[in-house]
file protein-v9.cif (mmCIF, N, CA and C atoms)
data_upload
#
loop_
_atom_site.label_atom_id
_atom_site.label_comp_id
_atom_site.auth_asym_id
_atom_site.auth_seq_id
_atom_site.Cartn_x
_atom_site.Cartn_y
_atom_site.Cartn_z
N ALA A 1 0.84 -1.17 0.00
CA ALA A 1 0.00 0.00 0.00
C ALA A 1 0.88 1.23 0.00
N TRP A 2 0.39 2.25 -0.69
CA TRP A 2 1.13 3.50 -0.80
C TRP A 2 0.92 4.34 0.45
N THR A 3 2.01 4.91 0.96
CA THR A 3 1.93 5.78 2.12
C THR A 3 2.34 7.18 1.69
N PRO A 4 1.48 8.16 1.86
CA PRO A 4 1.85 9.52 1.45
C PRO A 4 3.03 10.03 2.28
N GLN A 5 3.91 10.74 1.62
CA GLN A 5 5.08 11.32 2.28
C GLN A 5 4.83 12.80 2.53
N PRO A 6 5.24 13.30 3.70
CA PRO A 6 5.04 14.72 3.97
C PRO A 6 5.94 15.58 3.10
N GLY A 7 5.51 16.77 2.77
CA GLY A 7 6.34 17.73 2.04
C GLY A 7 7.45 18.24 2.95
N PRO A 8 8.41 18.99 2.38
CA PRO A 8 9.54 19.45 3.18
C PRO A 8 9.14 20.29 4.39
N ALA A 9 8.15 21.16 4.27
CA ALA A 9 7.76 22.00 5.40
C ALA A 9 7.14 21.15 6.51
N ALA A 10 6.26 20.22 6.13
CA ALA A 10 5.63 19.36 7.13
C ALA A 10 6.66 18.43 7.76
N ALA A 11 7.58 17.92 6.92
CA ALA A 11 8.60 17.02 7.44
C ALA A 11 9.48 17.74 8.46
N ALA A 12 9.84 18.99 8.17
CA ALA A 12 10.65 19.76 9.11
C ALA A 12 9.88 20.00 10.40
N ALA A 13 8.59 20.31 10.28
CA ALA A 13 7.77 20.55 11.47
C ALA A 13 7.66 19.29 12.32
N TRP A 14 7.67 18.13 11.68
CA TRP A 14 7.56 16.87 12.40
C TRP A 14 8.91 16.34 12.87
N GLY A 15 10.00 17.08 12.52
CA GLY A 15 11.33 16.66 12.95
C GLY A 15 11.95 15.59 12.09
N ILE A 16 11.44 15.38 10.88
CA ILE A 16 12.00 14.38 9.97
C ILE A 16 13.20 15.03 9.27
N PRO A 17 14.39 14.43 9.37
CA PRO A 17 15.56 15.03 8.72
C PRO A 17 15.38 15.11 7.21
N GLN A 18 15.86 16.21 6.65
CA GLN A 18 15.78 16.43 5.20
C GLN A 18 17.19 16.60 4.66
N PRO A 19 17.40 16.19 3.41
CA PRO A 19 18.72 16.40 2.81
C PRO A 19 18.95 17.90 2.61
N PRO A 20 20.22 18.33 2.60
CA PRO A 20 20.49 19.75 2.36
C PRO A 20 20.04 20.14 0.96
N PRO A 21 19.68 21.40 0.76
CA PRO A 21 19.26 21.82 -0.57
C PRO A 21 20.42 21.70 -1.56
N ALA A 22 20.09 21.40 -2.78
CA ALA A 22 21.11 21.27 -3.82
C ALA A 22 21.70 22.65 -4.10
N ALA A 23 22.99 22.67 -4.43
CA ALA A 23 23.64 23.92 -4.78
C ALA A 23 23.04 24.44 -6.09
N VAL A 24 22.82 25.72 -6.12
CA VAL A 24 22.28 26.34 -7.32
C VAL A 24 23.45 26.86 -8.15
N PRO A 25 23.59 26.41 -9.39
CA PRO A 25 24.72 26.88 -10.20
C PRO A 25 24.57 28.36 -10.53
N VAL A 26 25.70 29.05 -10.55
CA VAL A 26 25.71 30.46 -10.91
C VAL A 26 25.73 30.56 -12.42
N PRO A 27 24.81 31.35 -13.01
CA PRO A 27 24.83 31.50 -14.47
C PRO A 27 26.16 32.09 -14.93
N SER A 28 26.66 31.60 -16.07
CA SER A 28 27.97 32.02 -16.55
C SER A 28 28.04 33.52 -16.81
N TYR A 29 26.91 34.16 -17.17
CA TYR A 29 26.96 35.60 -17.45
C TYR A 29 27.24 36.41 -16.17
N MET A 30 27.06 35.80 -15.01
CA MET A 30 27.33 36.50 -13.75
C MET A 30 28.78 36.33 -13.30
N LEU A 31 29.53 35.47 -13.95
CA LEU A 31 30.89 35.16 -13.53
C LEU A 31 31.94 36.06 -14.16
N GLY A 32 31.65 36.67 -15.26
CA GLY A 32 32.67 37.45 -15.96
C GLY A 32 33.34 36.60 -17.01
N LYS A 33 34.02 37.27 -17.91
CA LYS A 33 34.66 36.59 -19.03
C LYS A 33 35.72 35.61 -18.56
N GLY A 34 35.67 34.39 -19.06
CA GLY A 34 36.68 33.39 -18.78
C GLY A 34 36.58 32.72 -17.42
N ALA A 35 35.55 32.99 -16.66
CA ALA A 35 35.44 32.43 -15.32
C ALA A 35 34.58 31.18 -15.32
N SER A 36 34.79 30.35 -14.34
CA SER A 36 34.05 29.10 -14.21
C SER A 36 33.42 29.05 -12.82
N ALA A 37 32.21 28.51 -12.72
CA ALA A 37 31.55 28.38 -11.42
C ALA A 37 32.15 27.23 -10.62
N GLU A 38 32.63 26.23 -11.29
CA GLU A 38 33.13 25.04 -10.62
C GLU A 38 34.58 25.21 -10.22
N PRO A 39 34.91 24.92 -8.97
CA PRO A 39 36.31 24.95 -8.59
C PRO A 39 37.12 23.97 -9.43
N CYS A 40 38.27 24.41 -9.87
CA CYS A 40 39.17 23.58 -10.65
C CYS A 40 40.59 24.03 -10.33
N ASN A 41 41.59 23.35 -10.86
CA ASN A 41 42.96 23.72 -10.54
C ASN A 41 43.53 24.75 -11.51
N ASN A 42 42.72 25.21 -12.47
CA ASN A 42 43.17 26.17 -13.46
C ASN A 42 42.62 27.55 -13.09
N LEU A 43 43.52 28.53 -12.92
CA LEU A 43 43.12 29.86 -12.48
C LEU A 43 43.38 30.92 -13.54
N TYR A 44 42.51 31.91 -13.58
CA TYR A 44 42.71 33.11 -14.38
C TYR A 44 43.04 34.21 -13.38
N MET A 45 44.21 34.80 -13.54
CA MET A 45 44.66 35.84 -12.62
C MET A 45 45.00 37.09 -13.42
N LYS A 46 44.58 38.26 -12.92
CA LYS A 46 44.95 39.49 -13.62
C LYS A 46 45.28 40.58 -12.62
N GLY A 47 45.99 41.59 -13.13
CA GLY A 47 46.42 42.69 -12.29
C GLY A 47 47.94 42.76 -12.18
N PHE A 48 48.64 42.02 -13.03
CA PHE A 48 50.10 42.01 -13.01
C PHE A 48 50.63 43.12 -13.91
N THR A 49 51.84 43.60 -13.60
CA THR A 49 52.46 44.61 -14.45
C THR A 49 52.70 44.01 -15.84
N ALA A 50 52.76 44.86 -16.84
CA ALA A 50 52.91 44.41 -18.22
C ALA A 50 54.21 43.63 -18.44
N ASP A 51 55.23 43.89 -17.62
CA ASP A 51 56.52 43.22 -17.82
C ASP A 51 56.70 41.97 -16.95
N VAL A 52 55.62 41.48 -16.33
CA VAL A 52 55.73 40.29 -15.49
C VAL A 52 56.17 39.09 -16.33
N ASP A 53 56.98 38.24 -15.73
CA ASP A 53 57.41 37.03 -16.45
C ASP A 53 57.11 35.79 -15.61
N GLU A 54 57.32 34.64 -16.22
CA GLU A 54 56.98 33.37 -15.56
C GLU A 54 57.79 33.18 -14.27
N ASN A 55 59.07 33.52 -14.28
CA ASN A 55 59.90 33.35 -13.08
C ASN A 55 59.37 34.19 -11.92
N THR A 56 58.95 35.41 -12.20
CA THR A 56 58.40 36.28 -11.16
C THR A 56 57.13 35.67 -10.57
N LEU A 57 56.24 35.20 -11.45
CA LEU A 57 55.00 34.60 -10.95
C LEU A 57 55.28 33.33 -10.15
N ARG A 58 56.22 32.53 -10.59
CA ARG A 58 56.56 31.32 -9.82
C ARG A 58 57.10 31.69 -8.44
N ALA A 59 57.90 32.77 -8.37
CA ALA A 59 58.45 33.20 -7.08
C ALA A 59 57.34 33.72 -6.16
N VAL A 60 56.37 34.44 -6.72
CA VAL A 60 55.29 35.02 -5.92
C VAL A 60 54.28 33.95 -5.50
N LEU A 61 53.90 33.07 -6.43
CA LEU A 61 52.84 32.10 -6.17
C LEU A 61 53.34 30.77 -5.61
N GLY A 62 54.62 30.47 -5.80
CA GLY A 62 55.18 29.20 -5.37
C GLY A 62 54.93 28.85 -3.91
N PRO A 63 55.04 29.81 -2.98
CA PRO A 63 54.80 29.47 -1.57
C PRO A 63 53.37 28.99 -1.29
N TYR A 64 52.44 29.24 -2.20
CA TYR A 64 51.04 28.88 -1.96
C TYR A 64 50.66 27.52 -2.52
N GLY A 65 51.58 26.85 -3.21
CA GLY A 65 51.27 25.53 -3.73
C GLY A 65 52.13 25.17 -4.93
N ASN A 66 51.90 23.99 -5.44
CA ASN A 66 52.64 23.47 -6.59
C ASN A 66 52.05 24.04 -7.88
N ILE A 67 52.86 24.75 -8.62
CA ILE A 67 52.43 25.33 -9.90
C ILE A 67 52.86 24.38 -11.00
N THR A 68 51.88 23.88 -11.78
CA THR A 68 52.24 22.95 -12.85
C THR A 68 52.45 23.65 -14.18
N SER A 69 51.80 24.81 -14.39
CA SER A 69 52.05 25.57 -15.61
C SER A 69 51.57 27.01 -15.45
N ILE A 70 52.22 27.90 -16.21
CA ILE A 70 51.86 29.32 -16.23
C ILE A 70 51.89 29.77 -17.68
N LYS A 71 50.86 30.49 -18.08
CA LYS A 71 50.85 31.12 -19.40
C LYS A 71 50.53 32.60 -19.18
N ILE A 72 51.48 33.46 -19.53
CA ILE A 72 51.30 34.91 -19.39
C ILE A 72 50.48 35.40 -20.57
N LEU A 73 49.46 36.19 -20.28
CA LEU A 73 48.63 36.80 -21.32
C LEU A 73 48.97 38.29 -21.35
N PRO A 74 49.50 38.79 -22.47
CA PRO A 74 49.91 40.19 -22.52
C PRO A 74 48.71 41.13 -22.35
N PRO A 75 48.98 42.37 -21.92
CA PRO A 75 47.87 43.32 -21.76
C PRO A 75 47.17 43.58 -23.09
N PRO A 76 45.85 43.72 -23.07
CA PRO A 76 45.15 44.11 -24.29
C PRO A 76 45.58 45.51 -24.71
N PRO A 77 45.41 45.87 -25.98
CA PRO A 77 45.79 47.21 -26.43
C PRO A 77 45.13 48.28 -25.56
N GLY A 78 45.94 49.24 -25.14
CA GLY A 78 45.43 50.33 -24.32
C GLY A 78 45.36 50.03 -22.83
N LYS A 79 45.68 48.82 -22.42
CA LYS A 79 45.65 48.44 -21.00
C LYS A 79 47.09 48.31 -20.49
N GLN A 80 47.25 48.43 -19.18
CA GLN A 80 48.59 48.38 -18.59
C GLN A 80 48.85 47.10 -17.80
N HIS A 81 47.84 46.28 -17.60
CA HIS A 81 48.01 45.12 -16.74
C HIS A 81 47.89 43.81 -17.51
N ALA A 82 48.81 42.91 -17.22
CA ALA A 82 48.81 41.58 -17.84
C ALA A 82 47.98 40.62 -16.98
N ALA A 83 47.65 39.50 -17.58
CA ALA A 83 46.94 38.42 -16.89
C ALA A 83 47.74 37.14 -17.09
N ALA A 84 47.33 36.10 -16.40
CA ALA A 84 48.01 34.81 -16.54
C ALA A 84 47.03 33.68 -16.29
N LEU A 85 47.25 32.58 -16.97
CA LEU A 85 46.56 31.33 -16.67
C LEU A 85 47.54 30.50 -15.85
N VAL A 86 47.14 30.14 -14.66
CA VAL A 86 48.02 29.41 -13.74
C VAL A 86 47.33 28.11 -13.36
N ARG A 87 48.00 27.01 -13.63
CA ARG A 87 47.46 25.69 -13.25
C ARG A 87 48.19 25.24 -11.99
N MET A 88 47.40 25.03 -10.94
CA MET A 88 47.96 24.58 -9.67
C MET A 88 47.97 23.05 -9.62
N GLY A 89 48.71 22.51 -8.66
CA GLY A 89 48.83 21.06 -8.52
C GLY A 89 47.57 20.37 -8.04
N SER A 90 46.68 21.13 -7.39
CA SER A 90 45.44 20.52 -6.91
C SER A 90 44.32 21.57 -6.88
N VAL A 91 43.10 21.10 -6.83
CA VAL A 91 41.94 21.99 -6.72
C VAL A 91 41.98 22.71 -5.38
N ASP A 92 42.43 22.03 -4.32
CA ASP A 92 42.50 22.66 -2.99
C ASP A 92 43.46 23.85 -2.99
N GLU A 93 44.60 23.71 -3.65
CA GLU A 93 45.55 24.83 -3.74
C GLU A 93 44.93 26.00 -4.50
N ALA A 94 44.27 25.69 -5.61
CA ALA A 94 43.63 26.74 -6.41
C ALA A 94 42.52 27.41 -5.61
N LYS A 95 41.73 26.62 -4.90
CA LYS A 95 40.63 27.17 -4.11
C LYS A 95 41.16 28.10 -3.04
N TRP A 96 42.27 27.75 -2.42
CA TRP A 96 42.85 28.61 -1.39
C TRP A 96 43.23 29.96 -2.00
N LEU A 97 43.81 29.95 -3.20
CA LEU A 97 44.19 31.21 -3.84
C LEU A 97 42.97 32.05 -4.17
N VAL A 98 41.91 31.43 -4.70
CA VAL A 98 40.69 32.17 -5.02
C VAL A 98 40.09 32.76 -3.74
N ASP A 99 40.04 31.97 -2.68
CA ASP A 99 39.43 32.41 -1.43
C ASP A 99 40.25 33.47 -0.69
N ASN A 100 41.58 33.41 -0.80
CA ASN A 100 42.43 34.24 0.05
C ASN A 100 43.24 35.32 -0.67
N MET A 101 43.55 35.11 -1.95
CA MET A 101 44.39 36.08 -2.64
C MET A 101 43.57 37.05 -3.49
N ASN A 102 42.38 36.65 -3.92
CA ASN A 102 41.57 37.50 -4.79
C ASN A 102 41.31 38.85 -4.11
N GLY A 103 41.69 39.94 -4.81
CA GLY A 103 41.48 41.29 -4.29
C GLY A 103 42.56 41.75 -3.32
N ASN A 104 43.55 40.92 -3.05
CA ASN A 104 44.63 41.27 -2.14
C ASN A 104 45.94 41.44 -2.89
N ILE A 105 46.93 42.03 -2.22
CA ILE A 105 48.24 42.24 -2.82
C ILE A 105 49.16 41.11 -2.35
N PRO A 106 49.56 40.22 -3.28
CA PRO A 106 50.46 39.13 -2.88
C PRO A 106 51.84 39.70 -2.50
N GLU A 107 52.52 39.02 -1.60
CA GLU A 107 53.87 39.42 -1.22
C GLU A 107 54.75 39.44 -2.47
N GLY A 108 55.48 40.53 -2.66
CA GLY A 108 56.33 40.68 -3.84
C GLY A 108 55.67 41.43 -4.98
N MET A 109 54.39 41.77 -4.83
CA MET A 109 53.68 42.54 -5.86
C MET A 109 53.31 43.90 -5.27
N ALA A 110 52.96 44.84 -6.16
CA ALA A 110 52.65 46.20 -5.70
C ALA A 110 51.17 46.53 -5.74
N GLN A 111 50.37 45.68 -6.34
CA GLN A 111 48.94 45.98 -6.48
C GLN A 111 48.12 44.71 -6.31
N PRO A 112 46.82 44.88 -6.00
CA PRO A 112 45.96 43.70 -5.83
C PRO A 112 45.80 42.92 -7.13
N VAL A 113 45.57 41.63 -6.99
CA VAL A 113 45.31 40.79 -8.16
C VAL A 113 43.91 40.20 -8.04
N GLU A 114 43.34 39.92 -9.19
CA GLU A 114 42.04 39.26 -9.27
C GLU A 114 42.31 37.80 -9.59
N VAL A 115 41.71 36.90 -8.82
CA VAL A 115 41.92 35.47 -9.00
C VAL A 115 40.57 34.79 -9.14
N LYS A 116 40.36 34.10 -10.27
CA LYS A 116 39.11 33.37 -10.53
C LYS A 116 39.46 32.00 -11.09
N TYR A 117 38.49 31.11 -11.03
CA TYR A 117 38.65 29.83 -11.71
C TYR A 117 38.55 30.08 -13.20
N ALA A 118 39.46 29.50 -13.95
CA ALA A 118 39.43 29.63 -15.41
C ALA A 118 38.42 28.64 -15.97
N ALA A 119 37.79 29.00 -17.07
CA ALA A 119 36.86 28.09 -17.73
C ALA A 119 37.67 26.98 -18.38
N ASN A 120 37.39 25.75 -18.00
CA ASN A 120 38.07 24.62 -18.62
C ASN A 120 37.35 24.27 -19.91
N SER A 121 38.14 23.93 -20.92
CA SER A 121 37.54 23.63 -22.23
C SER A 121 36.86 22.28 -22.26
N GLY A 122 37.14 21.43 -21.32
CA GLY A 122 36.52 20.10 -21.31
C GLY A 122 37.14 19.16 -22.31
N GLY A 123 38.24 19.58 -22.94
CA GLY A 123 38.95 18.69 -23.85
C GLY A 123 38.39 18.62 -25.24
N LYS A 124 37.35 19.37 -25.56
CA LYS A 124 36.80 19.33 -26.91
C LYS A 124 37.40 20.45 -27.73
N GLY A 125 37.87 20.13 -28.90
CA GLY A 125 38.42 21.13 -29.79
C GLY A 125 37.33 21.77 -30.61
N GLY A 126 37.67 22.85 -31.28
CA GLY A 126 36.69 23.55 -32.12
C GLY A 126 36.30 22.70 -33.31
N GLY A 127 37.30 22.32 -34.12
CA GLY A 127 37.02 21.48 -35.29
C GLY A 127 36.03 22.10 -36.24
N LYS A 128 35.66 21.35 -37.27
CA LYS A 128 34.76 21.89 -38.28
C LYS A 128 33.33 22.06 -37.79
N ASP A 129 32.96 21.32 -36.74
CA ASP A 129 31.58 21.44 -36.25
C ASP A 129 31.51 22.19 -34.92
N GLY A 130 32.60 22.92 -34.57
CA GLY A 130 32.60 23.72 -33.36
C GLY A 130 32.64 22.90 -32.08
N GLY A 131 33.09 21.65 -32.16
CA GLY A 131 33.19 20.80 -30.98
C GLY A 131 31.90 20.08 -30.62
N LYS A 132 30.90 20.16 -31.49
CA LYS A 132 29.62 19.48 -31.22
C LYS A 132 29.70 18.04 -31.68
N ASP A 133 29.05 17.17 -30.95
CA ASP A 133 29.02 15.74 -31.33
C ASP A 133 27.92 15.46 -32.32
#
call {"tool": "encode", "arguments": {"input": "protein-v9.cif", "output": "structure tokens"}}
result
Amino acid sequence: AWTPQPGPAAAAAWGIPQPPPAAVPVPSYMLGKGASAEPCNNLYMKGFTADVDENTLRAVLGPYGNITSIKILPPPPGKQHAAALVRMGSVDEAKWLVDNMNGNIPEGMAQPVEVKYAANSGGKGGGKDGGKD
């Protein structure tokens, strides 16, 4: 025989434990260009001087975790600040940087940096059909 189940409000009133609410994904248009809602080990960082190089970034970011790769992105025309794609050794290391360094001035730098999760491509190339299956 079927037994009706109470709704979430009634279940809470009766003291029946309920699962936590599911996380609501943030729409990509709210994240900014190149950002990802999902924590990953790939970071987009900006706010570096135009002459920043890989060795400088490794010296500044190295104390915060294992850096597996860095790609410096030159400043866009008319801008003075460079950006970088930095891949950390783990998601936890990257998450720490997003949580603690974003909007702050890292030791060895003169200005605050912006740190976000980079959008991962998911391994699909553009190809003739734009990566669609």
call {"tool": "residues_around", "arguments": {"input": "protein-v9.cif", "residues": "Asn66 of chain A", "least_positions_apart": "5", "cutoff": "8 Å", "atoms": "only C-alpha atoms", "output": "MDAnalysis selection string"}}
result
chainID A and resid 88:90 93
call {"tool": "atom_distance", "arguments": {"input": "protein-v9.cif", "atom1": "atom CA of Gly47 of chain A", "atom2": "atom CA of Leu85 of chain A"}}
result
12.2 Å
call {"tool": "residues_near_point", "arguments": {"input": "protein-v9.cif", "point": "(53.6, 36.5, -18.1)", "cutoff": "5 Å", "atoms": "all atoms listed in the file", "output": "ChimeraX atom specification"}}
result
/A:52-54,72-73
call {"tool": "write_last_selection", "arguments": {"input": "protein-v9.cif", "atoms": "N, CA and C atoms", "output": "PDB file, in the coordinates of the input"}}
result
ATOM      1  N   VAL A  52      55.620  41.480 -16.330  1.00  0.00           N
ATOM      2  CA  VAL A  52      55.730  40.290 -15.490  1.00  0.00           C
ATOM      3  C   VAL A  52      56.170  39.090 -16.330  1.00  0.00           C
ATOM      4  N   ASP A  53      56.980  38.240 -15.730  1.00  0.00           N
ATOM      5  CA  ASP A  53      57.410  37.030 -16.450  1.00  0.00           C
ATOM      6  C   ASP A  53      57.110  35.790 -15.610  1.00  0.00           C
ATOM      7  N   GLU A  54      57.320  34.640 -16.220  1.00  0.00           N
ATOM      8  CA  GLU A  54      56.980  33.370 -15.560  1.00  0.00           C
ATOM      9  C   GLU A  54      57.790  33.180 -14.270  1.00  0.00           C
ATOM     10  N   ILE A  72      51.480  33.460 -19.530  1.00  0.00           N
ATOM     11  CA  ILE A  72      51.300  34.910 -19.390  1.00  0.00           C
ATOM     12  C   ILE A  72      50.480  35.400 -20.570  1.00  0.00           C
ATOM     13  N   LEU A  73      49.460  36.190 -20.280  1.00  0.00           N
ATOM     14  CA  LEU A  73      48.630  36.800 -21.320  1.00  0.00           C
ATOM     15  C   LEU A  73      48.970  38.290 -21.350  1.00  0.00           C
TER      16      LEU A  73
END
call {"tool": "resolve_selection", "arguments": {"input": "protein-v9.cif", "expression": "the PyMOL selection byres (((chain A and resi 83 and name CA) around 7) and name CA)", "output": "ChimeraX atom specification"}}
result
/A:45-48,72-75,81-82,84
call {"tool": "atom_distance", "arguments": {"input": "protein-v9.cif", "atom1": "atom CA of Thr56 of chain A", "atom2": "atom CA of Gly108 of chain A"}}
result
8.8 Å
call {"tool": "closest_residue", "arguments": {"input": "protein-v9.cif", "among": "A:Tyr44, A:Ala94, A:Tyr64, A:Thr49", "to": "Ala119 of chain A", "atoms": "all atoms listed in the file"}}
result
A:Tyr44
call {"tool": "atom_distance", "arguments": {"input": "protein-v9.cif", "atom1": "atom N of Ser69 of chain A", "atom2": "atom CA of Lys116 of chain A"}}
result
15.8 Å
call {"tool": "residues_near_point", "arguments": {"input": "protein-v9.cif", "point": "(46.4, 37.0, -4.4)", "cutoff": "7 Å", "atoms": "all atoms listed in the file", "output": "list in words"}}
result
Leu97, Asn100, Met101, Asn102, Gly103, Asn104, Ile105, Pro106, Pro112, Val113, Glu114 and Val115 of chain A
call {"tool": "resolve_selection", "arguments": {"input": "protein-v9.cif", "expression": "the PyMOL selection byres ((chain A and resi 37-42) around 5)", "output": "list in words"}}
result
Ala35, Ser36, Leu43, Tyr44, Val86, Arg87, Met88, Ser90, Val91, Tyr117 and Ala118 of chain A
call {"tool": "closest_residue", "arguments": {"input": "protein-v9.cif", "among": "A:Ala50, A:Asp99, A:Glu107, A:Gly78", "to": "Pro63 of chain A", "atoms": "only C-alpha atoms"}}
result
A:Glu107
